[in-house]
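Dropping input23.cif in here (mmCIF, C-alpha atoms):
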data_coords
#
loop_
_atom_site.label_atom_id
_atom_site.label_comp_id
_atom_site.auth_asym_id
_atom_site.auth_seq_id
_atom_site.Cartn_x
_atom_site.Cartn_y
_atom_site.Cartn_z
CA MET Y 1 -9.65 -33.18 -7.05
CA ILE Y 2 -11.78 -30.21 -6.00
CA LYS Y 3 -9.70 -27.02 -5.77
CA SER Y 4 -12.45 -24.42 -5.30
CA ILE Y 5 -13.15 -23.36 -1.70
CA HIS Y 6 -16.72 -22.58 -2.75
CA ALA Y 7 -17.32 -26.17 -3.94
CA LYS Y 8 -15.59 -27.62 -0.87
CA LEU Y 9 -17.77 -25.60 1.51
CA VAL Y 10 -20.97 -26.70 -0.27
CA LEU Y 11 -19.95 -30.37 -0.35
CA ILE Y 12 -18.93 -30.32 3.31
CA PHE Y 13 -22.27 -28.74 4.20
CA ILE Y 14 -24.22 -31.36 2.22
CA LEU Y 15 -22.24 -34.13 3.88
CA ILE Y 16 -22.96 -32.68 7.33
CA ILE Y 17 -26.68 -32.40 6.51
CA LEU Y 18 -26.82 -35.98 5.22
CA LEU Y 19 -25.07 -37.35 8.29
CA GLY Y 20 -27.25 -35.23 10.56
CA ASN Y 21 -30.47 -36.38 8.88
CA ALA Y 22 -29.37 -40.00 8.95
CA ALA Y 23 -28.59 -39.71 12.65
CA SER Y 24 -31.89 -37.95 13.35
CA SER Y 25 -33.82 -40.64 11.46
CA ILE Y 26 -32.14 -43.38 13.49
CA ILE Y 27 -32.81 -41.54 16.75
CA ALA Y 28 -36.42 -40.91 15.67
CA GLY Y 29 -36.81 -44.61 14.91
CA ILE Y 30 -35.44 -45.56 18.30
CA THR Y 31 -37.29 -42.98 20.38
CA THR Y 32 -40.29 -41.51 18.57
CA GLU Y 33 -41.52 -44.66 16.85
CA SER Y 34 -41.07 -46.83 19.92
CA GLY Y 35 -42.99 -44.29 21.95
CA LEU Y 36 -45.78 -44.15 19.37
CA MET Y 37 -45.92 -47.95 19.26
CA ALA Y 38 -46.31 -48.10 23.05
CA GLU Y 39 -49.09 -45.50 22.99
CA LEU Y 40 -50.77 -47.30 20.10
CA SER Y 41 -50.59 -50.66 21.88
CA SER Y 42 -52.14 -49.15 24.99
CA SER Y 43 -54.97 -47.64 22.92
CA LEU Y 44 -55.59 -50.92 21.11
CA ASN Y 45 -55.81 -52.82 24.41
CA GLY Y 46 -58.16 -50.22 25.85
CA VAL Y 47 -60.54 -50.34 22.88
CA LEU Y 48 -60.42 -54.12 22.81
CA SER Y 49 -61.21 -54.40 26.54
CA ALA Y 50 -64.21 -52.08 26.13
CA ALA Y 51 -65.52 -54.02 23.10
CA LYS Y 52 -65.10 -57.33 24.97
CA ASP Y 53 -67.06 -56.04 27.99
CA ILE Y 54 -69.90 -54.80 25.82
CA TYR Y 55 -70.04 -58.06 23.87
CA GLU Y 56 -70.02 -60.27 26.96
CA LYS Y 57 -72.86 -58.33 28.58
CA ASN Y 58 -75.01 -59.08 25.50
CA GLU Y 59 -75.86 -55.39 25.20
CA ILE Y 60 -75.01 -55.30 21.50
CA THR Y 61 -74.20 -57.84 18.79
CA ALA Y 62 -70.79 -58.46 17.25
CA ASP Y 63 -71.93 -56.95 13.93
CA ASP Y 64 -73.14 -53.82 15.69
CA ILE Y 65 -69.86 -53.45 17.57
CA GLU Y 66 -67.91 -53.74 14.31
CA ARG Y 67 -70.12 -51.04 12.73
CA LEU Y 68 -69.71 -48.89 15.84
CA TYR Y 69 -65.91 -48.84 15.49
CA ALA Y 70 -65.87 -48.82 11.67
CA SER Y 71 -65.67 -45.03 11.45
CA GLY Y 72 -63.07 -44.59 14.19
CA PHE Y 73 -59.31 -44.52 14.30
CA ILE Y 74 -59.23 -48.11 15.65
CA SER Y 75 -61.42 -50.83 14.14
CA VAL Y 76 -62.79 -53.91 15.92
CA LYS Y 77 -63.47 -57.23 14.20
CA PHE Y 78 -64.86 -60.55 15.45
CA TYR Y 79 -63.59 -63.93 14.21
CA SER Y 80 -65.32 -67.25 14.89
CA ASP Y 81 -62.84 -69.19 12.79
CA ILE Y 82 -59.33 -69.17 14.25
CA ASN Y 83 -57.85 -70.22 10.91
CA GLU Y 84 -59.24 -67.12 9.25
CA LEU Y 85 -57.62 -64.98 11.96
CA VAL Y 86 -54.31 -66.79 11.58
CA ASP Y 87 -54.32 -66.36 7.80
CA GLU Y 88 -55.28 -62.69 7.78
CA TYR Y 89 -52.78 -61.52 10.37
CA ARG Y 90 -50.21 -64.24 9.85
CA LEU Y 91 -50.34 -65.38 13.43
CA SER Y 92 -49.78 -68.86 14.82
CA ALA Y 93 -52.45 -70.80 16.70
CA GLU Y 94 -50.01 -71.37 19.51
CA ASN Y 95 -49.44 -67.64 19.99
CA LEU Y 96 -53.18 -67.02 20.15
CA ARG Y 97 -53.44 -69.12 23.30
CA ALA Y 98 -51.88 -66.16 25.19
CA ALA Y 99 -54.91 -64.05 24.23
CA GLU Y 100 -57.47 -66.32 25.88
CA ASP Y 101 -57.31 -64.56 29.24
CA ARG Y 102 -56.52 -60.92 28.43
CA PRO Y 103 -55.88 -58.56 25.48
CA THR Y 104 -52.49 -59.34 23.96
CA ILE Y 105 -50.43 -57.29 21.51
CA PHE Y 106 -49.05 -59.01 18.41
CA LYS Y 107 -47.08 -57.73 15.47
CA GLY Y 108 -49.35 -57.92 12.48
CA LYS Y 109 -48.36 -58.46 8.89
CA SER Y 110 -46.01 -56.05 7.11
CA HIS Y 111 -47.50 -52.99 5.39
CA GLY Y 112 -46.30 -50.33 3.02
CA ARG Y 113 -42.98 -49.67 1.29
CA PHE Y 114 -41.12 -49.78 4.61
CA ASN Y 115 -42.43 -53.28 5.55
CA LEU Y 116 -43.63 -52.00 8.89
CA LYS Y 117 -45.44 -54.45 11.15
CA ILE Y 118 -48.36 -52.58 12.70
CA PRO Y 119 -49.42 -53.97 16.12
CA ILE Y 120 -52.82 -55.53 16.73
CA SER Y 121 -54.53 -56.48 19.98
CA VAL Y 122 -56.27 -59.85 20.28
CA VAL Y 123 -58.48 -61.35 23.01
CA LYS Y 124 -60.75 -64.39 23.17
CA SER Y 125 -64.34 -64.07 24.33
CA GLY Y 126 -66.23 -67.33 24.39
CA ASP Y 127 -65.96 -68.90 20.95
CA MET Y 128 -65.05 -65.62 19.31
CA TYR Y 129 -61.70 -63.88 18.88
CA ILE Y 130 -61.89 -60.10 18.96
CA VAL Y 131 -59.17 -58.08 17.13
CA ALA Y 132 -58.47 -54.34 17.50
CA SER Y 133 -56.32 -52.80 14.76
CA LEU Y 134 -55.62 -49.49 13.07
CA GLN Y 135 -57.99 -48.37 10.36
CA GLY Y 136 -55.08 -47.06 8.25
CA ASN Y 137 -52.35 -49.67 8.30
CA ASN Y 138 -49.95 -47.33 6.50
CA LEU Y 139 -49.97 -44.74 9.26
CA MET Y 140 -46.46 -45.41 10.56
CA ALA Y 141 -45.16 -45.78 7.02
CA ASP Y 142 -46.64 -42.41 6.21
CA PHE Y 143 -45.00 -41.02 9.34
CA ARG Y 144 -41.58 -42.21 8.15
CA LEU Y 145 -42.28 -40.90 4.66
CA ILE Y 146 -43.09 -37.48 6.09
CA ILE Y 147 -39.79 -37.46 8.01
CA LEU Y 148 -37.94 -38.48 4.85
CA ARG Y 149 -39.61 -35.72 2.82
CA TYR Y 150 -38.74 -33.13 5.45
CA ASN Y 151 -35.14 -34.37 5.46
CA LEU Y 152 -34.92 -34.09 1.68
CA PHE Y 153 -36.46 -30.62 1.83
CA SER Y 154 -33.97 -29.52 4.49
CA ILE Y 155 -31.05 -30.83 2.38
CA LEU Y 156 -32.31 -29.02 -0.73
CA SER Y 157 -33.08 -25.72 1.01
CA GLY Y 158 -29.89 -25.91 3.07
CA THR Y 159 -27.82 -26.50 -0.06
CA ILE Y 160 -29.33 -23.46 -1.77
CA VAL Y 161 -28.67 -21.30 1.28
CA MET Y 162 -25.12 -22.66 1.58
CA LEU Y 163 -24.45 -21.88 -2.09
CA ILE Y 164 -25.34 -18.26 -1.42
CA VAL Y 165 -23.44 -18.08 1.88
CA ALA Y 166 -20.36 -19.78 0.41
CA ARG Y 167 -20.38 -17.29 -2.47
CA LEU Y 168 -20.44 -14.42 0.03
CA ILE Y 169 -17.55 -16.00 1.96
CA VAL Y 170 -15.46 -16.68 -1.13
CA LYS Y 171 -16.12 -13.31 -2.82
CA PRO Y 172 -13.53 -11.30 -0.81
CA ILE Y 173 -11.01 -14.13 -1.27
CA LYS Y 174 -11.46 -13.86 -5.04
CA GLU Y 175 -10.97 -10.09 -4.75
CA LEU Y 176 -7.76 -10.73 -2.80
CA ILE Y 177 -6.55 -13.12 -5.52
CA SER Y 178 -7.23 -10.52 -8.21
CA ALA Y 179 -5.54 -7.80 -6.15
CA THR Y 180 -2.42 -9.92 -5.49
CA GLU Y 181 -2.11 -10.59 -9.22
CA LYS Y 182 -2.05 -6.82 -9.80
CA ILE Y 183 0.54 -6.37 -7.06
CA ALA Y 184 2.68 -9.05 -8.70
CA LYS Y 185 2.63 -6.89 -11.84
CA GLY Y 186 3.83 -3.85 -9.88
CA ASP Y 187 0.53 -2.03 -9.28
CA PHE Y 188 0.45 -1.02 -5.60
CA ASN Y 189 -2.41 1.50 -5.82
CA ILE Y 190 -5.01 -1.07 -4.78
CA TYR Y 191 -7.61 -0.85 -2.03
CA ILE Y 192 -10.18 -3.52 -1.21
CA LYS Y 193 -13.35 -2.25 0.44
CA LYS Y 194 -13.79 -3.70 3.93
CA ASP Y 195 -17.42 -4.46 4.85
CA ARG Y 196 -17.01 -7.20 7.46
CA LYS Y 197 -15.37 -7.63 10.88
CA ASP Y 198 -14.60 -11.36 10.92
CA GLU Y 199 -11.29 -13.09 10.12
CA ILE Y 200 -11.66 -12.36 6.40
CA GLY Y 201 -12.29 -8.71 7.27
CA GLN Y 202 -9.05 -8.68 9.27
CA LEU Y 203 -7.26 -10.29 6.32
CA VAL Y 204 -8.59 -7.57 3.98
CA ASP Y 205 -7.57 -4.88 6.47
CA ASN Y 206 -4.03 -6.27 6.73
CA PHE Y 207 -3.86 -6.59 2.95
CA ASN Y 208 -4.77 -2.92 2.55
CA LYS Y 209 -2.08 -2.00 5.09
CA MET Y 210 0.43 -4.11 3.17
CA THR Y 211 -0.38 -2.44 -0.16
CA LYS Y 212 -0.08 0.97 1.48
CA GLU Y 213 3.34 0.03 2.87
CA LEU Y 214 4.42 -1.37 -0.50
CA ALA Y 215 3.28 1.81 -2.25
CA GLY Y 216 5.27 3.84 0.25
CA MET Y 217 8.31 1.63 -0.27
CA GLU Y 218 7.96 2.03 -4.03
CA MET Y 219 7.90 5.80 -3.63
CA LEU Y 220 10.97 5.63 -1.39
CA ARG Y 221 12.71 3.39 -3.90
CA ASN Y 222 12.01 5.79 -6.74
CA SER Y 223 13.06 8.72 -4.57
CA PHE Y 224 16.20 6.82 -3.53
CA ILE Y 225 17.15 6.18 -7.16
CA SER Y 226 16.52 9.82 -8.05
CA ASP Y 227 18.49 11.09 -5.06
CA ILE Y 228 21.44 8.76 -5.46
CA SER Y 229 21.61 9.54 -9.18
CA HIS Y 230 21.75 13.25 -8.36
CA GLU Y 231 24.33 12.74 -5.62
CA PHE Y 232 26.65 10.82 -7.92
CA LYS Y 233 26.01 12.98 -10.97
CA THR Y 234 27.04 16.27 -9.33
CA PRO Y 235 30.62 15.32 -8.31
CA LEU Y 236 31.12 13.31 -11.49
CA THR Y 237 30.12 16.32 -13.58
CA SER Y 238 32.56 18.48 -11.61
CA ILE Y 239 35.38 15.94 -12.02
CA GLU Y 240 34.70 15.70 -15.76
CA GLY Y 241 34.60 19.46 -16.19
CA TYR Y 242 37.74 20.22 -14.21
CA THR Y 243 39.57 17.34 -15.87
CA LYS Y 244 38.95 18.95 -19.25
CA LEU Y 245 40.10 22.32 -17.89
CA LEU Y 246 43.16 20.64 -16.39
CA ARG Y 247 44.17 19.24 -19.76
CA ASP Y 248 44.32 22.69 -21.34
CA CYS Y 249 45.61 24.50 -18.23
CA LYS Y 250 49.02 26.22 -18.55
CA SER Y 251 49.21 27.90 -15.14
CA ASP Y 252 50.55 25.93 -12.19
CA LYS Y 253 48.29 27.87 -9.83
CA GLU Y 254 45.15 27.01 -11.79
CA ARG Y 255 46.34 23.41 -12.26
CA ASN Y 256 46.79 22.96 -8.50
CA GLU Y 257 43.41 24.58 -7.88
CA TYR Y 258 41.71 22.17 -10.33
CA ILE Y 259 43.54 19.20 -8.82
CA ASP Y 260 42.34 20.20 -5.32
CA ILE Y 261 38.73 20.43 -6.57
CA ILE Y 262 38.95 17.05 -8.30
CA THR Y 263 40.45 15.54 -5.13
CA GLU Y 264 37.63 16.96 -2.97
CA GLU Y 265 34.97 15.67 -5.36
CA THR Y 266 36.65 12.27 -5.38
CA LYS Y 267 36.60 12.22 -1.59
CA ARG Y 268 32.96 13.22 -1.71
CA LEU Y 269 32.18 10.27 -4.02
CA SER Y 270 34.17 7.94 -1.79
CA ALA Y 271 32.34 9.12 1.33
CA LEU Y 272 28.97 8.78 -0.42
CA SER Y 273 29.76 5.24 -1.57
CA GLY Y 274 30.98 4.30 1.91
CA ASN Y 275 27.86 5.68 3.58
CA ILE Y 276 25.57 3.91 1.12
CA LEU Y 277 27.34 0.60 1.69
CA LEU Y 278 27.33 1.05 5.46
CA LEU Y 279 23.64 1.99 5.55
CA ASN Y 280 22.77 -0.92 3.28
CA ARG Y 281 24.65 -3.34 5.52
CA ILE Y 282 22.96 -1.97 8.63
CA GLU Y 283 19.42 -1.97 7.19
CA ASN Y 284 19.74 -5.45 5.74
CA GLU Y 285 21.28 -6.67 9.01
CA ASN Y 286 24.33 -7.94 7.18
CA ILE Y 287 26.56 -6.38 9.81
CA THR Y 288 27.42 -8.25 12.97
CA LEU Y 289 26.61 -6.20 16.07
CA THR Y 290 29.62 -7.20 18.13
CA LYS Y 291 29.61 -5.43 21.50
CA ASN Y 292 32.70 -4.82 23.57
CA PRO Y 293 33.39 -2.47 26.51
CA PHE Y 294 35.36 0.70 25.64
CA ARG Y 295 35.95 4.24 26.84
CA LEU Y 296 33.15 6.27 25.26
CA ASP Y 297 34.64 9.63 26.26
CA GLU Y 298 37.98 8.75 24.66
CA GLN Y 299 36.23 7.78 21.43
CA ILE Y 300 34.44 11.15 21.29
CA ARG Y 301 37.77 12.98 21.91
CA HIS Y 302 39.25 11.02 19.01
CA VAL Y 303 36.40 12.18 16.75
CA ILE Y 304 36.90 15.81 17.84
CA LEU Y 305 40.60 15.65 17.00
CA LEU Y 306 39.81 14.01 13.63
CA CYS Y 307 37.56 16.96 12.70
CA GLU Y 308 40.00 19.61 13.94
CA ASN Y 309 40.69 21.02 10.47
CA LYS Y 310 36.96 21.61 9.91
CA TRP Y 311 36.11 23.36 13.18
CA SER Y 312 39.39 25.28 13.36
CA SER Y 313 38.92 26.61 9.81
CA LYS Y 314 35.63 28.25 10.91
CA ASN Y 315 37.21 29.41 14.18
CA ILE Y 316 34.60 27.49 16.19
CA ASP Y 317 35.02 27.33 19.95
CA LEU Y 318 34.31 23.91 21.45
CA ASP Y 319 32.86 23.69 24.96
CA ILE Y 320 33.57 20.08 25.94
CA HIS Y 321 32.42 18.28 29.10
CA LEU Y 322 32.96 14.52 28.96
CA ASP Y 323 32.56 12.25 31.96
CA GLU Y 324 34.68 9.13 32.05
CA ILE Y 325 32.31 6.38 30.93
CA ILE Y 326 32.89 2.79 29.90
CA TYR Y 327 30.18 1.57 27.53
CA THR Y 328 29.57 -1.86 26.01
CA GLY Y 329 28.62 -1.52 22.37
CA ASN Y 330 29.85 -1.68 18.79
CA GLU Y 331 32.81 0.69 18.79
CA GLN Y 332 33.06 0.99 15.00
CA LEU Y 333 29.39 1.88 14.44
CA LEU Y 334 29.20 4.33 17.35
CA PHE Y 335 32.29 6.08 15.99
CA GLN Y 336 30.22 6.86 12.87
CA VAL Y 337 27.48 8.33 15.08
CA TRP Y 338 29.73 10.88 16.83
CA LEU Y 339 31.55 11.67 13.56
CA ASN Y 340 28.33 12.41 11.66
CA LEU Y 341 26.84 14.47 14.49
CA LEU Y 342 29.97 16.60 14.92
CA ASP Y 343 30.36 17.00 11.15
CA ASN Y 344 26.74 18.24 10.91
CA ALA Y 345 27.20 20.63 13.81
CA ILE Y 346 30.32 22.14 12.21
CA LYS Y 347 28.68 22.33 8.78
CA PHE Y 348 25.67 24.33 10.01
CA SER Y 349 27.59 26.54 12.45
CA ARG Y 350 28.49 30.07 11.45
CA GLN Y 351 31.98 31.51 11.54
CA ASP Y 352 33.31 32.23 15.05
CA GLU Y 353 30.41 30.42 16.76
CA SER Y 354 30.64 27.70 19.44
CA ILE Y 355 29.60 24.06 19.81
CA ASP Y 356 28.73 22.45 23.15
CA ILE Y 357 29.58 18.75 23.57
CA THR Y 358 28.65 16.86 26.76
CA LEU Y 359 28.71 13.26 27.88
CA ARG Y 360 27.24 12.29 31.23
CA LYS Y 361 25.55 9.46 33.06
CA ALA Y 362 22.10 10.03 34.56
CA GLU Y 363 20.63 7.16 36.57
CA ASP Y 364 20.72 4.15 34.22
CA LYS Y 365 21.15 6.20 31.01
CA ILE Y 366 24.20 7.55 29.19
CA ILE Y 367 23.42 10.91 27.58
CA PHE Y 368 25.49 12.46 24.80
CA SER Y 369 24.47 15.97 23.71
CA ILE Y 370 25.83 18.24 20.97
CA THR Y 371 24.55 21.79 20.47
CA ASP Y 372 25.43 24.20 17.69
CA TYR Y 373 24.29 27.83 17.43
CA GLY Y 374 23.96 28.05 13.69
CA THR Y 375 21.10 27.93 11.20
CA GLY Y 376 18.73 25.80 13.29
CA MET Y 377 15.85 23.80 11.79
CA THR Y 378 12.17 24.22 11.01
CA GLU Y 379 9.59 21.74 12.31
CA GLU Y 380 9.42 20.12 8.87
CA GLN Y 381 13.18 19.68 8.79
CA GLN Y 382 13.15 18.13 12.27
CA LYS Y 383 10.50 15.60 11.17
CA ARG Y 384 12.46 14.55 8.08
CA MET Y 385 16.06 14.93 9.24
CA PHE Y 386 16.61 11.15 9.57
CA GLU Y 387 15.29 10.31 6.08
CA LYS Y 388 17.76 9.06 3.48
CA PHE Y 389 19.23 11.80 1.28
CA TYR Y 390 17.24 14.50 3.04
CA THR Y 391 19.46 17.56 3.42
CA GLY Y 392 16.90 20.22 4.28
CA ASP Y 393 18.20 22.18 1.30
CA ARG Y 394 16.37 21.49 -1.95
CA SER Y 395 19.01 23.31 -3.95
CA ARG Y 396 21.65 20.92 -2.46
CA ASN Y 397 24.09 23.77 -2.11
CA THR Y 398 25.18 22.53 1.29
CA GLU Y 399 27.81 19.89 1.73
CA GLY Y 400 26.82 16.32 2.53
CA ASN Y 401 24.58 13.71 1.00
CA GLY Y 402 21.81 13.29 3.56
CA LEU Y 403 22.89 9.83 4.71
CA GLY Y 404 24.78 10.69 7.89
CA LEU Y 405 21.77 11.15 10.15
CA SER Y 406 20.09 8.06 8.64
CA ILE Y 407 23.12 6.07 9.75
CA VAL Y 408 23.00 7.72 13.20
CA LYS Y 409 19.34 6.79 13.67
CA ARG Y 410 19.82 3.17 12.61
CA VAL Y 411 22.93 2.61 14.78
CA VAL Y 412 21.27 4.15 17.85
CA ASP Y 413 18.21 1.92 17.29
CA MET Y 414 20.45 -1.13 17.06
CA HIS Y 415 21.88 -0.26 20.47
CA GLY Y 416 18.41 0.16 21.98
CA GLY Y 417 18.81 3.92 22.40
CA ARG Y 418 16.78 6.90 21.32
CA ILE Y 419 17.38 10.36 19.84
CA GLU Y 420 15.92 13.63 21.10
CA VAL Y 421 16.02 16.79 18.98
CA GLN Y 422 15.47 20.42 19.98
CA SER Y 423 15.93 23.26 17.53
CA LYS Y 424 14.87 26.79 16.71
CA LEU Y 425 15.37 28.33 13.28
CA ASP Y 426 18.38 30.66 13.04
CA GLU Y 427 19.22 30.11 16.73
CA PHE Y 428 20.37 26.60 17.71
CA SER Y 429 20.08 22.83 17.22
CA GLN Y 430 20.60 20.29 19.98
CA ILE Y 431 20.74 16.53 19.37
CA SER Y 432 20.83 14.18 22.34
CA ILE Y 433 21.61 10.46 22.22
CA LEU Y 434 20.32 8.36 25.11
CA LEU Y 435 21.95 4.94 25.45
#

Rewrite the structure of this file - the entire thing - as structure tokens.
Amino acid sequence: MIKSIHAKLVLIFILIILLGNAASSIIAGITTESGLMAELSSSLNGVLSAAKDIYEKNEITADDIERLYASGFISVKFYSDINELVDEYRLSAENLRAAEDRPTIFKGKSHGRFNLKIPISVVKSGDMYIVASLQGNNLMADFRLIILRYNLFSILSGTIVMLIVARLIVKPIKELISATEKIAKGDFNIYIKKDRKDEIGQLVDNFNKMTKELAGMEMLRNSFISDISHEFKTPLTSIEGYTKLLRDCKSDKERNEYIDIITEETKRLSALSGNILLLNRIENENITLTKNPFRLDEQIRHVILLCENKWSSKNIDLDIHLDEIIYTGNEQLLFQVWLNLLDNAIKFSRQDESIDITLRKAEDKIIFSITDYGTGMTEEQQKRMFEKFYTGDRSRNTEGNGLGLSIVKRVVDMHGGRIEVQSKLDEFSQISILL
């Protein structure tokens, strides 16, 4: 069984050419040859009529008439013996009776490799039979032979051209096969040059886009592994260190201090693990987006009360304006949104600052907005704030693991909403959720 596209294309082309030539030969035989035969018969009758008139007027002898037409396309011969005529052209005496009054066309004997029967014209004049026939009896056979030769030439030349064209068509496919083998081995830095605009060109273009996306995903994967390793390593190192200090500690004050640190680092690990699991479930769509109506303003008040220790410890003043709104969505996931946004706002607010929290309905949209007047963000930080593990602080001295806003973005997208961010460095940051 043929597996190569190149071979299949060539064989299909040859088959099409063969069928086309066979059909053209049949059509030529039906139309062209029949037309030529009709023209030839008319010419034979015309020559024969002229020769008969000349002979009957006794203007020239039979021998002279034969010599006159000997050098022409159509020859003329006189027969006094009907048997000789019958034998030479394989005609019957009965058929020749039709030629006694006027020139009559008969199919002569077969000629050439194609067994063609070339027409002759016969008429009787007195005791003589006059016959007009072609000088070259193989003319029609030669005509068919010429057609056959041209057909064979077209098949040969067409096959050569198709071999070249098929190679050009298959070449980018072979490049794609080679490139996919490299991708299967983990090499994503591949680019196939695009030099055509047809379907194969579109395939190459999409392949290049795919490899670019895969390379980006590989970079994100490596970055994710590096970031998550760092995020887990830091609290684990602290727990290990303070556990050793705790073992040798003799002061109750120091012991309690070390226990508090270990507890906080444990909570940090627990929160990190929970966020990673939640984000993984959301991104892999393993979480069921069950939507139910609930009081959105009450949920936000619950989040504010839950974070009371954090904002009260920094003496932050909360300016809260919440309209009573019933929203149909996933209550559990949206709770994480408000919790992460408020936690971020508190974390980046300075001591004795304020945070504005509003919830209102405008036309067909529900708008939640939270504004803190703390460190603010640069343009670069605003562009990357929703990336996994991005904290905006390369030293990682700030609290958090950079997953909160990633969760916010994904949950808002799942609810068909959008996020708007406004910020100015060292002045304020405002994040608005439109549902």

How far is it from CA of Ala62 (chain Y) to CA of Met37 (chain Y), in Å with one decimal?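 Distance reported for this atom pair: 27.1 Å.
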
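Picture a line from CA of Ser42 (chain Y) to CA of Arg97 (chain Y); it runs 20.1 Å.
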
For Asn315 (chain Y), work out the shell of residues within 10 Å, counting only C-alpha atoms and skipping chain neighbours fewer than 6 positions away, then give it as number ranges by chain. Y: 309, 350-354

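Excluding region 174-185 of chain Y and any residue on its chain fewer than 2 positions from it, the residues at most 10 Å away by all atoms listed in the file are Y:Arg167, Y:Ile169, Y:Val170, Y:Lys171, Y:Pro172, Y:Asp187, Y:Phe188, Y:Asn189, Y:Ile190, Y:Tyr191, Y:Ile192, Y:Lys193, Y:Leu203, Y:Val204, Y:Phe207, Y:Asn208, Y:Thr211, Y:Leu214, Y:Ala215.
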
Apply the PyMOL selection byres ((chain Y and resi 98-100) around 9) to the structure shown and report the selected residues as a VMD selection string. chain Y and resid 94 to 97 101 to 105 121 to 126 129

The PyMOL selection byres ((chain Y and resi 406) around 6) - which residues does that actually catch in the file I just gave you? List them as a PyMOL selection string. chain Y and resi 386-388+403-405+407-409

Could you tell me which of Y:Arg255, Y:Lys77, Y:Lys197, Y:His302 comes closest to Tyr55 (chain Y) if we count all atoms listed in the file? Y:Lys77

Of the candidates Y:Asp195, Y:Glu265, Y:Asp426, Y:Glu59, which one gets nearest to Thr378 (chain Y) if we count all atoms listed in the file?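 For Thr378 (chain Y), the nearest of the candidates is Y:Asp426.
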